[in-house]
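Read through the structure below, which is laid out as structure tokens, and then see the notes.
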Amino acid sequence: MTAAEMAAESAINLAIATALTAAPDQAVNFPLRCRLPGGERATITLEEETGKIDLNTASPTALTRFFTALTGDQSTGTRIAAQIIEFRKPKAQSTPAAGPAEARFTTVMQLDQLDGMSPRLFRAALRHVTVRSGRPEPDMEAASPAMLRLLNVQPKQVASRRGMPLGGSITIRADISATDGTRFIREALVSLEGGNGRPFVVREWRRGDIDSSSPRQERSQGTGRACLRVRDAAAS
């Protein structure tokens with residue numbers, strides 16, 4: 001398991017490095033399926049944060065629609081949306097002169113602080129929420145296939161494989177299957193153009209859950225080619 005976890009982190013770092021250094025005519029498209037030097041099969045996907053529900057800026061309507069779809073219950077969706085709106089309100093401080101303290105989600109992991117947020121619902125919501133889009137509604141052109149299915153939105157006739165965006169924040173997800181059958185999924189929240197001259201910065205590492213909605217054959221196809229050409233790496 002430890003080896004699979006390290007392979008997943010390596011796959012994420014490799015995806016970032018490859019995407020940021022590729023020539024314009026060699027743009028990397030995702031999902032990327034390949035084989036790591038240790039024999040592990042990797043499926044690397046990219047999720048744009050603009051295609052998710054922003055816990056800090058999403059409208060009450062967007063929040064209600066999302067959580068209703070996720071739970072299958074209108075009253076539950078409305079209740080969770082109301083709790084998120086309440087969480088975002090400035091809180092009174094003990095010292096009146098200091099003024100109200102700004103309240104906001106700093107990480108999606110704070111979602112489990114809401115009353116009635118079960119572990120199952122929390123894990124189901126994680127892949128679809130963000131704190132870094134700044135949008136009142138998710139951008140459906142950037143939304144993942146899972147988000148489109150959840151909200152019953154028909155995808156536009158565009159290519160299913162997307163390249164690395166030029167800016168903003170993304171989640172890179174590495175799904176690793178080791179030769180002995182061990183499986184590990186790692187996710188990294190990455191901000192592109194990280195500031196101070198840095199091309200990117202990793203904001204958060206998370207362990208991912210197995211996505212049961214993904215077709216099984218999708219994970220096993222196209223992983224014959226190597227993720228890293230060792231000869232080229234040594235030559236450079």
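Chain lettering (A, B, ...) mirrors the order of the structure tokens, residue numbering begins at 1 for each chain separately, and ligand numbering begins at 1 in order of display.
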Task: Polymer residues at most 8 Å from Arg203 of chain A, only C-alpha atoms, same-chain spacing of 3 or more positions, as an NGL selection string - done: :A and (188-191)
Write out the residues from the selection above, keeping all heavy atoms, as a PDB file, in the first residue's frame.
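Dumped everything to out24.pdb:
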```pdb
ATOM      1  N   ALA A 188      -4.471  15.868  -5.664  1.00  0.00           N
ATOM      2  CA  ALA A 188      -3.729  17.072  -5.301  1.00  0.00           C
ATOM      3  C   ALA A 188      -4.463  18.290  -5.843  1.00  0.00           C
ATOM      4  O   ALA A 188      -4.803  18.325  -7.032  1.00  0.00           O
ATOM      5  CB  ALA A 188      -2.314  17.028  -5.851  1.00  0.00           C
ATOM      6  N   LEU A 189      -4.726  19.259  -4.974  1.00  0.00           N
ATOM      7  CA  LEU A 189      -5.297  20.536  -5.389  1.00  0.00           C
ATOM      8  C   LEU A 189      -4.138  21.443  -5.772  1.00  0.00           C
ATOM      9  O   LEU A 189      -3.287  21.773  -4.932  1.00  0.00           O
ATOM     10  CB  LEU A 189      -6.117  21.149  -4.259  1.00  0.00           C
ATOM     11  CG  LEU A 189      -6.659  22.562  -4.494  1.00  0.00           C
ATOM     12  CD1 LEU A 189      -7.606  22.596  -5.693  1.00  0.00           C
ATOM     13  CD2 LEU A 189      -7.359  23.084  -3.243  1.00  0.00           C
ATOM     14  N   VAL A 190      -4.082  21.839  -7.026  1.00  0.00           N
ATOM     15  CA  VAL A 190      -2.935  22.577  -7.566  1.00  0.00           C
ATOM     16  C   VAL A 190      -3.400  23.913  -8.126  1.00  0.00           C
ATOM     17  O   VAL A 190      -4.364  23.970  -8.887  1.00  0.00           O
ATOM     18  CB  VAL A 190      -2.243  21.768  -8.688  1.00  0.00           C
ATOM     19  CG1 VAL A 190      -1.044  22.530  -9.242  1.00  0.00           C
ATOM     20  CG2 VAL A 190      -1.818  20.394  -8.178  1.00  0.00           C
ATOM     21  N   SER A 191      -2.735  24.980  -7.715  1.00  0.00           N
ATOM     22  CA  SER A 191      -2.969  26.301  -8.294  1.00  0.00           C
ATOM     23  C   SER A 191      -1.878  26.576  -9.310  1.00  0.00           C
ATOM     24  O   SER A 191      -0.685  26.515  -8.989  1.00  0.00           O
ATOM     25  CB  SER A 191      -2.961  27.388  -7.214  1.00  0.00           C
ATOM     26  OG  SER A 191      -4.089  27.268  -6.375  1.00  0.00           O
TER      27      SER A 191
END
```
- [ ] Just the residues within 8 Å of segment 125-131 of chain A, please, counting only C-alpha atoms, with nothing from its chain fewer than 6 positions along; format it as a PyMOL selection string.
- [x] chain A and resi 49+52-56+70+105-109+147
Please produce a file of those selected residues containing C-alpha atoms, as a PDB file, in the first residue's frame.
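Below is the file that was written, again_26.pdb:
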```pdb
ATOM      1  CA  GLU A  49     -12.228  23.771  -9.955  1.00  0.00           C
ATOM      2  CA  LYS A  52     -17.411  22.509  -9.185  1.00  0.00           C
ATOM      3  CA  ILE A  53     -19.701  24.000  -6.520  1.00  0.00           C
ATOM      4  CA  ASP A  54     -17.807  26.700  -4.604  1.00  0.00           C
ATOM      5  CA  LEU A  55     -18.742  26.451  -0.920  1.00  0.00           C
ATOM      6  CA  ASN A  56     -17.934  30.141  -0.404  1.00  0.00           C
ATOM      7  CA  LEU A  70     -26.650  14.230  -4.331  1.00  0.00           C
ATOM      8  CA  PHE A 105     -14.500  27.664   4.058  1.00  0.00           C
ATOM      9  CA  THR A 106     -10.726  27.443   3.726  1.00  0.00           C
ATOM     10  CA  THR A 107     -10.837  23.801   2.634  1.00  0.00           C
ATOM     11  CA  VAL A 108     -13.514  21.424   1.402  1.00  0.00           C
ATOM     12  CA  MET A 109     -12.669  19.191   4.373  1.00  0.00           C
ATOM     13  CA  MET A 147     -20.924  16.250 -12.146  1.00  0.00           C
TER      14      MET A 147
END
```
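Proximity to Asn29 of chain A was assessed for A:Pro165, A:Asp73, A:Asn196, A:Ile84 counting only C-alpha atoms; the smallest distance is recorded for A:Pro165.
Across the model, the gap from atom CA of Glu48 of chain A to atom CA of Pro145 of chain A is 11.7 Å.
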Open item on the list: Could you go through segment 15-194 of chain A and tell me which residues DSSP, when run on the backbone, assigns to strand (DSSP E or B), listing them as a VMD selection string?
Closed with: chain A and resid 29 to 30 32 to 35 41 to 48 53 to 54 91 101 129 to 130 162 to 163 169 to 177 183 to 194
Might you pull out every residue within 10 Å of segment 112-116 of chain A, with only C-alpha atoms counted and same-chain residues fewer than 4 positions away left off, and present them as an mmCIF file with N, CA and C atoms, in the first residue's frame?
```cif
data_model
loop_
_atom_site.group_PDB
_atom_site.id
_atom_site.type_symbol
_atom_site.label_atom_id
_atom_site.label_comp_id
_atom_site.auth_asym_id
_atom_site.auth_seq_id
_atom_site.Cartn_x
_atom_site.Cartn_y
_atom_site.Cartn_z
ATOM 1 N N THR A 76 -33.645 17.694 2.355
ATOM 2 C CA THR A 76 -32.261 17.559 2.815
ATOM 3 C C THR A 76 -31.344 18.507 2.051
ATOM 4 N N ARG A 79 -31.873 21.981 3.393
ATOM 5 C CA ARG A 79 -31.308 22.148 4.742
ATOM 6 C C ARG A 79 -29.792 22.303 4.693
ATOM 7 N N ILE A 80 -29.113 21.480 3.904
ATOM 8 C CA ILE A 80 -27.654 21.574 3.825
ATOM 9 C C ILE A 80 -27.235 22.896 3.190
ATOM 10 N N GLN A 83 -27.392 25.571 5.775
ATOM 11 C CA GLN A 83 -26.289 25.497 6.730
ATOM 12 C C GLN A 83 -25.000 26.078 6.143
ATOM 13 N N ILE A 84 -24.774 25.847 4.865
ATOM 14 C CA ILE A 84 -23.582 26.403 4.224
ATOM 15 C C ILE A 84 -23.659 27.927 4.182
ATOM 16 N N PHE A 87 -22.912 29.176 7.588
ATOM 17 C CA PHE A 87 -21.494 29.050 7.903
ATOM 18 C C PHE A 87 -20.703 30.204 7.318
ATOM 19 N N VAL A 108 -12.284 22.202 1.548
ATOM 20 C CA VAL A 108 -13.514 21.424 1.402
ATOM 21 C C VAL A 108 -13.678 20.436 2.543
ATOM 22 N N LEU A 121 -22.213 10.924 2.879
ATOM 23 C CA LEU A 121 -22.546 12.108 2.092
ATOM 24 C C LEU A 121 -21.331 13.012 1.942
ATOM 25 N N PHE A 122 -20.542 13.124 3.002
ATOM 26 C CA PHE A 122 -19.329 13.946 2.963
ATOM 27 C C PHE A 122 -18.383 13.463 1.875
ATOM 28 N N ARG A 123 -18.130 12.149 1.832
ATOM 29 C CA ARG A 123 -17.220 11.604 0.829
ATOM 30 C C ARG A 123 -17.787 11.754 -0.578
ATOM 31 N N LEU A 126 -17.239 15.474 -1.804
ATOM 32 C CA LEU A 126 -15.894 16.032 -1.883
ATOM 33 C C LEU A 126 -15.413 16.281 -3.299
#
```
Open item on the list: Give me, as a ChimeraX atom specification, all polymer residues having an atom no more than 8 Å from Pro37 of chain A, counting only C-alpha atoms and skipping those fewer than 6 positions away in the same chain.
Closed with: /A:226-228
